[in-house]
Amino acid sequence: MTNPRGPVPVSNHKITDQHNRIFDYLRIAVNERCNLRCLYCMPEAGLDFISREDQLQKDEILRVVRVVSELGVNKIRYTGGEPLLRPDISDIIADTISVPRIRSVHLTTNGLLLESKARELKNAGLQGVNISLDTLDAARFFQITRREGVEKVIGSIRHAVKLGFESVKINMVVMRGFNDDELTRFVDFTHDENVTVRFIELMPFDAHQIWKTGHFMGAELMLEKLHALFPHLERITGTSTEEHIFRRPGFRGKFAVIPAYTRSLCATCSRIRLTADGFIRNCLYANDEYHLLPLLRDSASDKEIGDFIKTAMWQKPVDGWTAQKQADNGKRGSMTMIGG
Ligand code: SAM
Ligand code: SF4
C-alpha cells in the first residue's frame, strides 16, 4: 500500500493531476471471482480471491460514488471479476443512478449470466453493457475461457440489443494465430446488430504469461488487416478510448481498435480505478495503489475520502509507459483483480 503524498491538488472541486487531466469516470471492480477462466486473465485453478468481507460492500461503493460525484465524476462502470455474480449488483446500479450528478452507469460482463439478468439491470437504470467475447466459435470459446457458453453469450448480446440499452459493445481481445482470423466474422456481426465491436490489444496482466507466447497483435497491425479486408472504410467518431472507429456502409453497428497496450491515448485519460479490495489505482499500468478501504471502515469524513482520492490521482504518472517503468514486479497478476 502507498500513502498519498506530495503536492496538494490544485482544484478543490475536481479530481485532477499534474498533467492537466481531469478525472470524471470511475471504474469499480465489485468482485474478483469469475465463472470463466480466460487464459489471458487467470490460471485454470483460479486465484487466491479476496474474501467477501474484504471486498467493498454495497454501502461503501455507494459512499465512494457519492463523494466523487461531488468532485466532478459523472460516469461509473461496474466490472470485476464477473460483476453479475454479485447478488446485489442491480441494487448497486439502481442506487448509483439515483445519485445526483451521475449521468451514466455501465457494466462490463462476460455475458454468461446477462440474458437472465438484463431486464432487471435495465429496469435498475443501467445504460450500457460491454460484453466480452473473443470468438464466435464454440470450440475456440472453450479453449479461451476453459468453459462452455458461446451460444449463451451471443444470446445475451442479441437480447441486450433488443432490450434497447443505449450502448452495447463487444470486447474482443485479438490474439495473433488464435482468433485474428475472426476479424471479418466480428465485423459481419455488425451488419444486423447495432453493436460496437472493440478489437482490443492483449495486455501483460496474466498470472501465467500467455503474454510471452507471441500472441500479441498491435493496433497498427489490426488496422492494416482491417483496411486490407475492407477497403474504403468509413471512419466515424467514437468515445475517448476508441481512437480508430469505423462503420461499413449499410451496416447497423460499428467497430473500433483499442490501443490498450500501445497506450496512445494516455494524454486524454479520464479514468479512476477502484479495485474490489478498495484500492485506488491511478493508472492501469501503475503498481502504486492507495488503500481507501480503511478510511471507509474507520469513519473518515467525506472530505477526507475525497482528499485521499484527489491526492492519489494527482500523482498519476504522465502515461502508462512511465507508470510501467516505475512499477515494481507486478503486484497484481490478473486483470480480474484490477477490473480492466
Ligand atoms: N469478467 C468481465 C469480462 O470479462 O467482461 C469483467 C472483468 S474483465 C477483467 C474486463 C475486460 O478485461 C474483459 O473485456 C477482458 O477481455 C479484459 N482482459 C482481461 N485480461 C486481459 C488481458 N491480459 N489483456 C487484454 N484484455 C484483458
Ligand atoms: Fe473472468 Fe473476465 Fe477474467 Fe475472463 S476476462 S476470466 S470473464 S474476469
# chains A, B, ... in the order shown; residues from 1 in each chain; ligands from 1
>>> closest_atom_pairs(of="chain A", to="ligand 1", cutoff="7 Å", atoms="only C-alpha atoms and all ligand atoms", output="JSON lines")
{"residue": "A:Cys34", "atom": "CA", "partner": "ligand 1", "partner_atom_place_in_ligand_line": "1 (N)", "distance": 6.3}
{"residue": "A:Tyr40", "atom": "CA", "partner": "ligand 1", "partner_atom_place_in_ligand_line": "23 (N)", "distance": 4.7}
{"residue": "A:Cys41", "atom": "CA", "partner": "ligand 1", "partner_atom_place_in_ligand_line": "20 (N)", "distance": 4.2}
{"residue": "A:Thr79", "atom": "CA", "partner": "ligand 1", "partner_atom_place_in_ligand_line": "6 (C)", "distance": 4.8}
{"residue": "A:Gly80", "atom": "CA", "partner": "ligand 1", "partner_atom_place_in_ligand_line": "7 (C)", "distance": 4.3}
{"residue": "A:Gly81", "atom": "CA", "partner": "ligand 1", "partner_atom_place_in_ligand_line": "1 (N)", "distance": 4.8}
{"residue": "A:Glu82", "atom": "CA", "partner": "ligand 1", "partner_atom_place_in_ligand_line": "1 (N)", "distance": 3.9}
{"residue": "A:Pro83", "atom": "CA", "partner": "ligand 1", "partner_atom_place_in_ligand_line": "6 (C)", "distance": 6.7}
{"residue": "A:Thr108", "atom": "CA", "partner": "ligand 1", "partner_atom_place_in_ligand_line": "5 (O)", "distance": 4.7}
{"residue": "A:Thr109", "atom": "CA", "partner": "ligand 1", "partner_atom_place_in_ligand_line": "5 (O)", "distance": 3.7}
{"residue": "A:Asn110", "atom": "CA", "partner": "ligand 1", "partner_atom_place_in_ligand_line": "3 (C)", "distance": 4.0}
{"residue": "A:Asn130", "atom": "CA", "partner": "ligand 1", "partner_atom_place_in_ligand_line": "5 (O)", "distance": 6.8}
{"residue": "A:Ile131", "atom": "CA", "partner": "ligand 1", "partner_atom_place_in_ligand_line": "5 (O)", "distance": 5.6}
{"residue": "A:Ser132", "atom": "CA", "partner": "ligand 1", "partner_atom_place_in_ligand_line": "5 (O)", "distance": 4.5}
{"residue": "A:Asn171", "atom": "CA", "partner": "ligand 1", "partner_atom_place_in_ligand_line": "14 (O)", "distance": 5.0}
{"residue": "A:Met172", "atom": "CA", "partner": "ligand 1", "partner_atom_place_in_ligand_line": "16 (O)", "distance": 6.5}
{"residue": "A:Val173", "atom": "CA", "partner": "ligand 1", "partner_atom_place_in_ligand_line": "16 (O)", "distance": 5.7}
{"residue": "A:Ile200", "atom": "CA", "partner": "ligand 1", "partner_atom_place_in_ligand_line": "25 (C)", "distance": 6.6}
{"residue": "A:Glu201", "atom": "CA", "partner": "ligand 1", "partner_atom_place_in_ligand_line": "25 (C)", "distance": 5.9}
{"residue": "A:Leu202", "atom": "CA", "partner": "ligand 1", "partner_atom_place_in_ligand_line": "24 (N)", "distance": 3.8}
{"residue": "A:Met203", "atom": "CA", "partner": "ligand 1", "partner_atom_place_in_ligand_line": "24 (N)", "distance": 3.6}
{"residue": "A:Pro204", "atom": "CA", "partner": "ligand 1", "partner_atom_place_in_ligand_line": "23 (N)", "distance": 5.3}
{"residue": "A:Phe205", "atom": "CA", "partner": "ligand 1", "partner_atom_place_in_ligand_line": "23 (N)", "distance": 4.4}
{"residue": "A:Asp206", "atom": "CA", "partner": "ligand 1", "partner_atom_place_in_ligand_line": "23 (N)", "distance": 5.4}
{"residue": "A:Ser334", "atom": "CA", "partner": "ligand 1", "partner_atom_place_in_ligand_line": "20 (N)", "distance": 6.7}
{"residue": "A:Met335", "atom": "CA", "partner": "ligand 1", "partner_atom_place_in_ligand_line": "9 (C)", "distance": 4.5}
{"residue": "A:Thr336", "atom": "CA", "partner": "ligand 1", "partner_atom_place_in_ligand_line": "9 (C)", "distance": 4.2}
{"residue": "A:Ile338", "atom": "CA", "partner": "ligand 1", "partner_atom_place_in_ligand_line": "9 (C)", "distance": 6.8}
{"residue": "A:Gly339", "atom": "CA", "partner": "ligand 1", "partner_atom_place_in_ligand_line": "9 (C)", "distance": 4.6}
{"residue": "A:Gly340", "atom": "CA", "partner": "ligand 1", "partner_atom_place_in_ligand_line": "12 (O)", "distance": 4.1}
>>> residues_around(residues="Arg176 of chain A", least_positions_apart="6", cutoff="9 Å", atoms="only C-alpha atoms", output="PDB file with all heavy atoms, in the first residue's frame")
ATOM      1  N   GLY A 214       3.854 -14.944 -27.730  1.00  0.00           N
ATOM      2  CA  GLY A 214       3.844 -14.473 -29.117  1.00  0.00           C
ATOM      3  C   GLY A 214       2.461 -14.246 -29.699  1.00  0.00           C
ATOM      4  O   GLY A 214       2.317 -14.098 -30.913  1.00  0.00           O
ATOM      5  N   HIS A 215       1.429 -14.200 -28.865  1.00  0.00           N
ATOM      6  CA  HIS A 215       0.082 -13.991 -29.399  1.00  0.00           C
ATOM      7  C   HIS A 215      -0.310 -12.516 -29.499  1.00  0.00           C
ATOM      8  O   HIS A 215      -1.400 -12.203 -29.984  1.00  0.00           O
ATOM      9  CB  HIS A 215      -0.955 -14.724 -28.539  1.00  0.00           C
ATOM     10  CG  HIS A 215      -0.876 -16.214 -28.683  1.00  0.00           C
ATOM     11  ND1 HIS A 215      -1.095 -16.852 -29.872  1.00  0.00           N
ATOM     12  CD2 HIS A 215      -0.594 -17.183 -27.779  1.00  0.00           C
ATOM     13  CE1 HIS A 215      -0.954 -18.151 -29.704  1.00  0.00           C
ATOM     14  NE2 HIS A 215      -0.641 -18.378 -28.444  1.00  0.00           N
ATOM     15  N   PHE A 216       0.561 -11.630 -29.023  1.00  0.00           N
ATOM     16  CA  PHE A 216       0.209 -10.203 -29.064  1.00  0.00           C
ATOM     17  C   PHE A 216       0.043  -9.718 -30.500  1.00  0.00           C
ATOM     18  O   PHE A 216       0.828 -10.062 -31.387  1.00  0.00           O
ATOM     19  CB  PHE A 216       1.316  -9.379 -28.377  1.00  0.00           C
ATOM     20  CG  PHE A 216       1.093  -7.893 -28.502  1.00  0.00           C
ATOM     21  CD1 PHE A 216       0.132  -7.261 -27.740  1.00  0.00           C
ATOM     22  CD2 PHE A 216       1.835  -7.141 -29.406  1.00  0.00           C
ATOM     23  CE1 PHE A 216      -0.084  -5.890 -27.859  1.00  0.00           C
ATOM     24  CE2 PHE A 216       1.630  -5.766 -29.535  1.00  0.00           C
ATOM     25  CZ  PHE A 216       0.662  -5.144 -28.756  1.00  0.00           C
ATOM     26  N   MET A 217      -0.997  -8.929 -30.733  1.00  0.00           N
ATOM     27  CA  MET A 217      -1.143  -8.260 -32.031  1.00  0.00           C
ATOM     28  C   MET A 217      -1.423  -6.775 -31.771  1.00  0.00           C
ATOM     29  O   MET A 217      -2.389  -6.428 -31.083  1.00  0.00           O
ATOM     30  CB  MET A 217      -2.281  -8.878 -32.839  1.00  0.00           C
ATOM     31  CG  MET A 217      -2.418  -8.166 -34.186  1.00  0.00           C
ATOM     32  SD  MET A 217      -3.717  -8.810 -35.204  1.00  0.00           S
ATOM     33  CE  MET A 217      -2.898 -10.169 -35.939  1.00  0.00           C
TER      34      MET A 217
END
>>> residues_around(residues="segment 241-258 of chain A", least_positions_apart="2", cutoff="6 Å", atoms="only C-alpha atoms", output="MDAnalysis selection string")
chainID A and resid 190:200 234:236 238:239 260
>>> atom_distance(atom1="atom CA of Ser167 of chain A", atom2="atom CA of Val129 of chain A")
6.4 Å
>>> atom_distance(atom1="atom CA of Ala94 of chain A", atom2="atom CA of Val150 of chain A")
28.8 Å
>>> closest_residue(among="A:Leu223, A:Met337, A:Ile97, A:Leu295", to="ligand 2", atoms="only C-alpha atoms and all ligand atoms")
A:Met337
>>> select_by_dssp(residues="segment 88-292 of chain A", states="helix (DSSP H, G or I)", output="count of residues only")
73
>>> select_by_dssp(residues="segment 110-255 of chain A", states="strand (DSSP E)", output="list in words")
Gly128, Val129, Asn130, Ile131, Ser132, Ser167, Val168, Lys169, Ile170, Asn171, Met172, Val173, Val174, Thr196, Val197, Arg198, Phe199, Ile200, Glu201, Glu234, Arg235, His244, Ile245, Phe246, Arg247, Lys254 and Phe255 of chain A
>>> closest_residue(among="A:Arg77, A:Arg119, A:Arg33, A:His106", to="ligand 2", atoms="only C-alpha atoms and all ligand atoms")
A:Arg33
>>> residues_around(residues="Asp277 of chain A", least_positions_apart="5", cutoff="6 Å", atoms="only C-alpha atoms", output="number ranges by chain")
A: 54-56
>>> write_last_selection(atoms="all heavy atoms", output="short mmCIF file (atom, residue, chain, number, x, y, z; two decimals), in the first residue's frame")
data_model
loop_
_atom_site.label_atom_id
_atom_site.label_comp_id
_atom_site.auth_asym_id
_atom_site.auth_seq_id
_atom_site.Cartn_x
_atom_site.Cartn_y
_atom_site.Cartn_z
N ASP A 54 -13.63 -8.86 2.78
CA ASP A 54 -12.58 -7.91 2.41
C ASP A 54 -12.90 -7.15 1.13
O ASP A 54 -12.15 -6.27 0.72
CB ASP A 54 -11.23 -8.62 2.24
CG ASP A 54 -10.68 -9.07 3.56
OD1 ASP A 54 -11.08 -8.49 4.59
OD2 ASP A 54 -9.88 -10.02 3.59
N GLN A 55 -13.98 -7.54 0.46
CA GLN A 55 -14.32 -6.77 -0.74
C GLN A 55 -15.26 -5.64 -0.36
O GLN A 55 -15.90 -5.63 0.68
CB GLN A 55 -14.87 -7.68 -1.84
CG GLN A 55 -16.32 -8.02 -1.74
CD GLN A 55 -16.77 -9.07 -2.77
OE1 GLN A 55 -15.98 -9.67 -3.48
NE2 GLN A 55 -18.05 -9.29 -2.83
N LEU A 56 -15.30 -4.64 -1.25
CA LEU A 56 -16.14 -3.47 -1.00
C LEU A 56 -17.59 -3.89 -0.80
O LEU A 56 -18.13 -4.67 -1.60
CB LEU A 56 -16.07 -2.52 -2.19
CG LEU A 56 -14.76 -1.77 -2.41
CD1 LEU A 56 -14.73 -1.18 -3.82
CD2 LEU A 56 -14.61 -0.66 -1.37
#
>>> closest_residue(among="A:Lys310, A:His13, A:Arg147, A:Lys58", to="ligand 2", atoms="only C-alpha atoms and all ligand atoms")
A:Arg147
>>> residues_around(residues="Val153 of chain A", least_positions_apart="5", cutoff="12 Å", atoms="only C-alpha atoms", output="list in words")
Leu36, Thr109, Asn110, Gly111, Leu112, Leu113, Leu114, Glu115, Ser116, Asn130, Ile131, Ser132, Leu133, Asp134, Thr135, Leu136, Asp137, Ala138, Phe141, Thr145, Arg147, Glu148, Arg158, His159, Ala160, Ile170 and Asn171 of chain A
